[in-house]
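To start, the structure under review is shown below, and the notes come after it.
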Amino acid sequence: MVKARGFVDQLLGALPLAKGISVGDKVEEDHFKGEWLRYDVKDMERSDHVLLFIHGGGFSNGTVLSRRFLCAKIASASKMDAFSLDYSQWPEYCHPQALMDAINAYQYLLKKYPAEKIHVFGESAGAHLSLTLGLYLKDHGIDLPESICVNSPVIINGPQAFELLPSHTERIEREPMITEDPENPTIPYFMNADAKDPYVSPYYGDFRGFSRLFVVYGSEEILHDDSTKLVELAEEAGVHVSSKEYEGLFHVFGMFDIPETDILAADVAAFFQKR
């Protein structure tokens, strides 16, 4: 696992950062850690809003370094600083530690910014954490962020995903990035959790009163139907929700230095700026 993380970090961490972005301070508090990416372009307008970026990796192998390229792309397009969360993962930790880290990081930002100036972006496992963060904040009477964008979210952890979301079986041969085992679908991080707990499977959550939501995903991915079902659930709950499917693309394509990543970053920035 450590070797896999190191390889991906070297590969993706070497990609150049987007215009105007530099790596800032690292933060290591008692209950969370992460790093700042700072936006500073001379003679360019700068937003006084902030991005909370939550990386993916199946709750076991993602890092802030491997997703620094994507985080920088979105921060640059949005013209705002970003805090990239380095949350607890399996095998050292299990649910709900990553969610607790996300809650603590959000409250850290709340001490610096009002909620209406905070935006959240999460991809894959980080998209799951973005959704469960919003549900937790709502459940506990804490001000929600102005907007949340989720890229290729996971909304069901457990065997019901194969029953309720057809893309988990229909797109197995089309998805190059991730695979699933129908005989053992629960990822280790959630092995001792209740699959119908909304903080484990947002499919079962109450989205009434949720933040503005933007769902982005590729047409070829196994998690395609997680995204389309999430949009349906949000619409039923009266959430201000929009979505975009990227034709011919795969799970979290924004990690890579391809033209479509710039399009994704521009789309996300437009959503954050539409307030």
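Going through the structure tokens in order, the chains are called A, B, and so on, while each chain numbers its residues from 1 and the ligands are numbered from 1 in the order shown.
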Next on the checklist: At a cut-off of 12 Å, using only C-alpha atoms, what residues contact Leu99 of chain A? Leave out same-chain residues fewer than 2 positions from it and give the result as a PyMOL selection string.
Outcome noted: chain A and resi 31-32+54+59+85-89+93-97+101-106+125-137+189-190+198-200
### Message
I'd like the neighbourhood of Ile148 of chain A as number ranges by chain, where a residue qualifies if any of its atoms comes within 6 Å (using only C-alpha atoms), though same-chain residues fewer than 5 positions away should be ignored.
### Response
A: 119-121, 213
For this session: Within 7 Å of His55 of chain A, counting only C-alpha atoms, which residues show up once you throw out same-chain ones fewer than 6 positions away? Write them as a VMD selection string, please.
Result: chain A and resid 62 to 64 67 122 to 123 126
Could you save those same residues with all heavy atoms as a tab-separated table (two decimals), in the first residue's frame?
```
chain	number	residue	atom	x	y	z
A	62	GLY	N	-5.22	7.45	-1.68
A	62	GLY	CA	-5.08	8.81	-2.20
A	62	GLY	C	-4.27	9.69	-1.26
A	62	GLY	O	-4.17	9.42	-0.06
A	63	THR	N	-3.66	10.73	-1.81
A	63	THR	CA	-2.90	11.69	-1.00
A	63	THR	C	-3.10	13.09	-1.55
A	63	THR	O	-3.51	13.28	-2.70
A	63	THR	CB	-1.39	11.38	-1.02
A	63	THR	OG1	-0.88	11.62	-2.34
A	63	THR	CG2	-1.09	9.95	-0.60
A	64	VAL	N	-2.77	14.09	-0.74
A	64	VAL	CA	-2.86	15.46	-1.22
A	64	VAL	C	-1.85	15.70	-2.34
A	64	VAL	O	-2.09	16.51	-3.24
A	64	VAL	CB	-2.65	16.48	-0.07
A	64	VAL	CG1	-3.77	16.37	0.95
A	64	VAL	CG2	-1.30	16.28	0.62
A	67	ARG	N	-3.14	14.43	-5.76
A	67	ARG	CA	-4.26	15.22	-6.29
A	67	ARG	C	-3.95	16.72	-6.31
A	67	ARG	O	-4.83	17.53	-6.57
A	67	ARG	CB	-5.52	14.99	-5.45
A	67	ARG	CG	-5.98	13.56	-5.36
A	67	ARG	CD	-6.14	12.88	-6.71
A	67	ARG	NE	-6.92	11.66	-6.60
A	67	ARG	CZ	-6.45	10.47	-6.30
A	67	ARG	NH1	-5.15	10.30	-6.06
A	67	ARG	NH2	-7.26	9.42	-6.23
A	122	GLY	N	-15.00	17.44	-3.90
A	122	GLY	CA	-14.46	16.13	-3.57
A	122	GLY	C	-14.59	15.20	-4.76
A	122	GLY	O	-15.54	15.27	-5.52
A	123	GLU	N	-13.59	14.32	-4.91
A	123	GLU	CA	-13.65	13.34	-6.01
A	123	GLU	C	-13.57	11.93	-5.46
A	123	GLU	O	-12.81	11.63	-4.55
A	123	GLU	CB	-12.55	13.63	-7.05
A	123	GLU	CG	-11.14	13.86	-6.52
A	123	GLU	CD	-10.32	12.59	-6.38
A	123	GLU	OE1	-10.82	11.51	-6.77
A	123	GLU	OE2	-9.20	12.67	-5.87
A	126	GLY	N	-13.44	11.13	-1.87
A	126	GLY	CA	-13.56	12.51	-1.38
A	126	GLY	C	-14.92	13.10	-1.68
A	126	GLY	O	-15.42	13.97	-0.94
```
As a PDB file with all heavy atoms, in the first residue's frame, please: the residues near segment 237-251 of chain A (cut-off 6 Å, only C-alpha atoms, same-chain neighbours under 4 positions excluded).
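Saved file out.pdb follows:
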```pdb
ATOM      1  N   PHE A 207     -31.552  14.854   2.115  1.00  0.00           N
ATOM      2  CA  PHE A 207     -30.861  15.983   1.494  1.00  0.00           C
ATOM      3  C   PHE A 207     -31.644  17.295   1.575  1.00  0.00           C
ATOM      4  O   PHE A 207     -31.199  18.310   1.020  1.00  0.00           O
ATOM      5  CB  PHE A 207     -30.534  15.658   0.031  1.00  0.00           C
ATOM      6  CG  PHE A 207     -29.375  14.707  -0.120  1.00  0.00           C
ATOM      7  CD1 PHE A 207     -29.589  13.337  -0.201  1.00  0.00           C
ATOM      8  CD2 PHE A 207     -28.077  15.174  -0.141  1.00  0.00           C
ATOM      9  CE1 PHE A 207     -28.529  12.460  -0.326  1.00  0.00           C
ATOM     10  CE2 PHE A 207     -27.006  14.303  -0.254  1.00  0.00           C
ATOM     11  CZ  PHE A 207     -27.230  12.944  -0.354  1.00  0.00           C
ATOM     12  N   ARG A 208     -32.770  17.308   2.246  1.00  0.00           N
ATOM     13  CA  ARG A 208     -33.522  18.556   2.382  1.00  0.00           C
ATOM     14  C   ARG A 208     -32.666  19.595   3.107  1.00  0.00           C
ATOM     15  O   ARG A 208     -32.086  19.320   4.149  1.00  0.00           O
ATOM     16  CB  ARG A 208     -34.818  18.321   3.143  1.00  0.00           C
ATOM     17  CG  ARG A 208     -35.855  17.506   2.356  1.00  0.00           C
ATOM     18  CD  ARG A 208     -37.057  17.183   3.204  1.00  0.00           C
ATOM     19  NE  ARG A 208     -36.692  16.302   4.306  1.00  0.00           N
ATOM     20  CZ  ARG A 208     -37.562  15.873   5.238  1.00  0.00           C
ATOM     21  NH1 ARG A 208     -38.834  16.253   5.191  1.00  0.00           N
ATOM     22  NH2 ARG A 208     -37.150  15.068   6.208  1.00  0.00           N
ATOM     23  N   ARG A 212     -26.074  24.072  -2.275  1.00  0.00           N
ATOM     24  CA  ARG A 212     -26.108  23.991  -3.738  1.00  0.00           C
ATOM     25  C   ARG A 212     -25.156  22.875  -4.164  1.00  0.00           C
ATOM     26  O   ARG A 212     -24.054  22.757  -3.631  1.00  0.00           O
ATOM     27  CB  ARG A 212     -25.644  25.298  -4.381  1.00  0.00           C
ATOM     28  CG  ARG A 212     -26.604  26.429  -4.303  1.00  0.00           C
ATOM     29  CD  ARG A 212     -26.193  27.585  -5.238  1.00  0.00           C
ATOM     30  NE  ARG A 212     -24.782  27.903  -5.153  1.00  0.00           N
ATOM     31  CZ  ARG A 212     -23.943  27.859  -6.184  1.00  0.00           C
ATOM     32  NH1 ARG A 212     -24.339  27.494  -7.377  1.00  0.00           N
ATOM     33  NH2 ARG A 212     -22.673  28.175  -6.021  1.00  0.00           N
ATOM     34  N   LEU A 213     -25.583  22.090  -5.144  1.00  0.00           N
ATOM     35  CA  LEU A 213     -24.838  20.874  -5.472  1.00  0.00           C
ATOM     36  C   LEU A 213     -24.607  20.776  -6.979  1.00  0.00           C
ATOM     37  O   LEU A 213     -25.519  21.012  -7.777  1.00  0.00           O
ATOM     38  CB  LEU A 213     -25.631  19.657  -4.984  1.00  0.00           C
ATOM     39  CG  LEU A 213     -25.034  18.268  -5.173  1.00  0.00           C
ATOM     40  CD1 LEU A 213     -23.728  18.130  -4.387  1.00  0.00           C
ATOM     41  CD2 LEU A 213     -26.036  17.198  -4.730  1.00  0.00           C
ATOM     42  N   PHE A 214     -23.387  20.411  -7.348  1.00  0.00           N
ATOM     43  CA  PHE A 214     -23.009  20.179  -8.739  1.00  0.00           C
ATOM     44  C   PHE A 214     -22.372  18.798  -8.804  1.00  0.00           C
ATOM     45  O   PHE A 214     -21.413  18.512  -8.094  1.00  0.00           O
ATOM     46  CB  PHE A 214     -22.029  21.256  -9.196  1.00  0.00           C
ATOM     47  CG  PHE A 214     -21.661  21.217 -10.657  1.00  0.00           C
ATOM     48  CD1 PHE A 214     -22.550  20.788 -11.630  1.00  0.00           C
ATOM     49  CD2 PHE A 214     -20.395  21.656 -11.067  1.00  0.00           C
ATOM     50  CE1 PHE A 214     -22.210  20.774 -12.977  1.00  0.00           C
ATOM     51  CE2 PHE A 214     -20.045  21.667 -12.406  1.00  0.00           C
ATOM     52  CZ  PHE A 214     -20.955  21.225 -13.365  1.00  0.00           C
ATOM     53  N   VAL A 215     -22.923  17.925  -9.657  1.00  0.00           N
ATOM     54  CA  VAL A 215     -22.462  16.542  -9.776  1.00  0.00           C
ATOM     55  C   VAL A 215     -21.823  16.356 -11.150  1.00  0.00           C
ATOM     56  O   VAL A 215     -22.474  16.575 -12.171  1.00  0.00           O
ATOM     57  CB  VAL A 215     -23.628  15.551  -9.595  1.00  0.00           C
ATOM     58  CG1 VAL A 215     -23.114  14.118  -9.604  1.00  0.00           C
ATOM     59  CG2 VAL A 215     -24.401  15.845  -8.309  1.00  0.00           C
ATOM     60  N   VAL A 216     -20.556  15.974 -11.174  1.00  0.00           N
ATOM     61  CA  VAL A 216     -19.838  15.805 -12.439  1.00  0.00           C
ATOM     62  C   VAL A 216     -19.274  14.385 -12.505  1.00  0.00           C
ATOM     63  O   VAL A 216     -18.793  13.852 -11.510  1.00  0.00           O
ATOM     64  CB  VAL A 216     -18.712  16.854 -12.599  1.00  0.00           C
ATOM     65  CG1 VAL A 216     -19.305  18.244 -12.753  1.00  0.00           C
ATOM     66  CG2 VAL A 216     -17.748  16.853 -11.409  1.00  0.00           C
ATOM     67  N   TYR A 217     -19.336  13.783 -13.712  1.00  0.00           N
ATOM     68  CA  TYR A 217     -18.971  12.374 -13.834  1.00  0.00           C
ATOM     69  C   TYR A 217     -18.740  12.017 -15.301  1.00  0.00           C
ATOM     70  O   TYR A 217     -19.172  12.728 -16.214  1.00  0.00           O
ATOM     71  CB  TYR A 217     -20.076  11.493 -13.253  1.00  0.00           C
ATOM     72  CG  TYR A 217     -21.440  11.722 -13.861  1.00  0.00           C
ATOM     73  CD1 TYR A 217     -21.942  10.892 -14.856  1.00  0.00           C
ATOM     74  CD2 TYR A 217     -22.234  12.796 -13.449  1.00  0.00           C
ATOM     75  CE1 TYR A 217     -23.195  11.115 -15.424  1.00  0.00           C
ATOM     76  CE2 TYR A 217     -23.487  13.023 -14.003  1.00  0.00           C
ATOM     77  CZ  TYR A 217     -23.955  12.181 -14.985  1.00  0.00           C
ATOM     78  OH  TYR A 217     -25.190  12.414 -15.564  1.00  0.00           O
ATOM     79  N   GLY A 218     -18.056  10.903 -15.519  1.00  0.00           N
ATOM     80  CA  GLY A 218     -17.786  10.421 -16.866  1.00  0.00           C
ATOM     81  C   GLY A 218     -18.849   9.438 -17.317  1.00  0.00           C
ATOM     82  O   GLY A 218     -19.455   8.733 -16.503  1.00  0.00           O
ATOM     83  N   SER A 219     -19.043   9.359 -18.620  1.00  0.00           N
ATOM     84  CA  SER A 219     -20.074   8.465 -19.160  1.00  0.00           C
ATOM     85  C   SER A 219     -19.703   6.991 -19.038  1.00  0.00           C
ATOM     86  O   SER A 219     -20.577   6.127 -19.079  1.00  0.00           O
ATOM     87  CB  SER A 219     -20.330   8.802 -20.635  1.00  0.00           C
ATOM     88  OG  SER A 219     -19.183   8.516 -21.427  1.00  0.00           O
ATOM     89  N   GLU A 220     -18.404   6.682 -18.884  1.00  0.00           N
ATOM     90  CA  GLU A 220     -17.949   5.292 -18.940  1.00  0.00           C
ATOM     91  C   GLU A 220     -17.746   4.655 -17.582  1.00  0.00           C
ATOM     92  O   GLU A 220     -17.410   3.475 -17.504  1.00  0.00           O
ATOM     93  CB  GLU A 220     -16.631   5.227 -19.724  1.00  0.00           C
ATOM     94  CG  GLU A 220     -16.712   5.826 -21.117  1.00  0.00           C
ATOM     95  CD  GLU A 220     -17.868   5.262 -21.923  1.00  0.00           C
ATOM     96  OE1 GLU A 220     -17.874   4.045 -22.182  1.00  0.00           O
ATOM     97  OE2 GLU A 220     -18.793   6.036 -22.258  1.00  0.00           O
ATOM     98  N   GLU A 221     -17.951   5.363 -16.514  1.00  0.00           N
ATOM     99  CA  GLU A 221     -17.499   4.827 -15.237  1.00  0.00           C
ATOM    100  C   GLU A 221     -18.504   3.925 -14.534  1.00  0.00           C
ATOM    101  O   GLU A 221     -19.724   4.065 -14.690  1.00  0.00           O
ATOM    102  CB  GLU A 221     -17.052   5.953 -14.313  1.00  0.00           C
ATOM    103  CG  GLU A 221     -18.061   7.027 -14.002  1.00  0.00           C
ATOM    104  CD  GLU A 221     -17.440   8.052 -13.068  1.00  0.00           C
ATOM    105  OE1 GLU A 221     -17.032   7.662 -11.969  1.00  0.00           O
ATOM    106  OE2 GLU A 221     -17.361   9.225 -13.444  1.00  0.00           O
TER     107      GLU A 221
END
```
Of the listed residues A:Leu11, A:Ile21, A:Ile118, A:Leu52, that which approaches Lys73 of chain A most closely, counting only C-alpha atoms =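 Looking at the shortest contact to Lys73 of chain A, the residue is A:Ile21.
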Between A:Val50, A:Ile222, A:Ala98, A:Met191, smallest distance to Pro153 of chain A by only C-alpha atoms belongs to A:Ile222
**Report entry** Straight-line distance linking atom CA of Leu12 of chain A with atom CA of Gly56 of chain A, stated in Å to one decimal
**Finding:**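 Between these atoms lies a distance of 13.4 Å.
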Shortest contact to Leu70 of chain A, candidates A:Met44, A:Glu236, A:Ala18, A:Ser147, atoms counted only C-alpha atoms, goes to A:Ala18
Quick one: DSSP strand (DSSP E) residues in segment 41-75 of chain A, as a list in words?
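Put together, the selection reads Val50, Leu51, Leu52, Phe53 and Ile54 of chain A.
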Would you mind exporting the chosen residues as a compact mmCIF listing (two decimals), in the first residue's frame, restricted to all heavy atoms?
```txt
# COMPACT_ATOMS: atom_id res chain seq x y z
N VAL A 50 -13.05 30.49 -0.39
CA VAL A 50 -12.04 29.45 -0.18
C VAL A 50 -12.61 28.09 -0.60
O VAL A 50 -13.82 27.85 -0.52
CB VAL A 50 -11.57 29.40 1.29
CG1 VAL A 50 -12.69 28.90 2.21
CG2 VAL A 50 -10.31 28.57 1.47
N LEU A 51 -11.71 27.22 -1.05
CA LEU A 51 -12.07 25.87 -1.46
C LEU A 51 -11.56 24.86 -0.45
O LEU A 51 -10.38 24.89 -0.08
CB LEU A 51 -11.44 25.58 -2.83
CG LEU A 51 -11.48 24.13 -3.33
CD1 LEU A 51 -12.92 23.69 -3.59
CD2 LEU A 51 -10.63 23.97 -4.59
N LEU A 52 -12.44 23.97 -0.02
CA LEU A 52 -12.02 22.78 0.73
C LEU A 52 -12.00 21.63 -0.27
O LEU A 52 -13.04 21.24 -0.80
CB LEU A 52 -13.00 22.48 1.87
CG LEU A 52 -12.77 21.15 2.61
CD1 LEU A 52 -11.38 21.07 3.22
CD2 LEU A 52 -13.85 20.94 3.69
N PHE A 53 -10.82 21.10 -0.53
CA PHE A 53 -10.63 20.04 -1.51
C PHE A 53 -10.42 18.72 -0.78
O PHE A 53 -9.58 18.63 0.12
CB PHE A 53 -9.42 20.35 -2.40
CG PHE A 53 -9.15 19.30 -3.45
CD1 PHE A 53 -9.67 19.44 -4.73
CD2 PHE A 53 -8.36 18.19 -3.18
CE1 PHE A 53 -9.43 18.49 -5.71
CE2 PHE A 53 -8.11 17.23 -4.15
CZ PHE A 53 -8.65 17.38 -5.42
N ILE A 54 -11.17 17.68 -1.18
CA ILE A 54 -11.07 16.38 -0.53
C ILE A 54 -10.78 15.32 -1.60
O ILE A 54 -11.61 15.05 -2.46
CB ILE A 54 -12.35 16.03 0.24
CG1 ILE A 54 -12.78 17.20 1.16
CG2 ILE A 54 -12.14 14.76 1.07
CD1 ILE A 54 -14.04 16.93 1.96
```
Do you know which residues are at most 12 Å from Pro114 of chain A counting only C-alpha atoms, after dropping those on the same chain fewer than 2 positions away, and could you put them as a ChimeraX atom specification?
-> /A:48-50,106-112,116-119,142-146
Using only C-alpha atoms, the residue out of A:Glu260, A:Asp206, A:Asp40, A:Asp194 with shortest distance to Lys19 of chain A is A:Asp40
Shortest contact to Ile155 of chain A, candidates A:Ser211, A:Asn61, A:Ser66, A:Thr228, atoms counted only C-alpha atoms, goes to A:Thr228
* To do: Pick out the closest residue to Phe162 of chain A from this set: A:Leu223, A:Ile258, A:Ala266, A:Ala82. Count only C-alpha atoms.
  =>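 So, comparing all the options, the nearest one is A:Leu223.
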Worksheet entry | One-decimal distance in Å that lies between atom CA of Ser227 of chain A and atom CA of Ile178 of chain A |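 Taking atom CA of Ile178 of chain A as the start and atom CA of Ser227 of chain A as the end point, the length is 15.7 Å.
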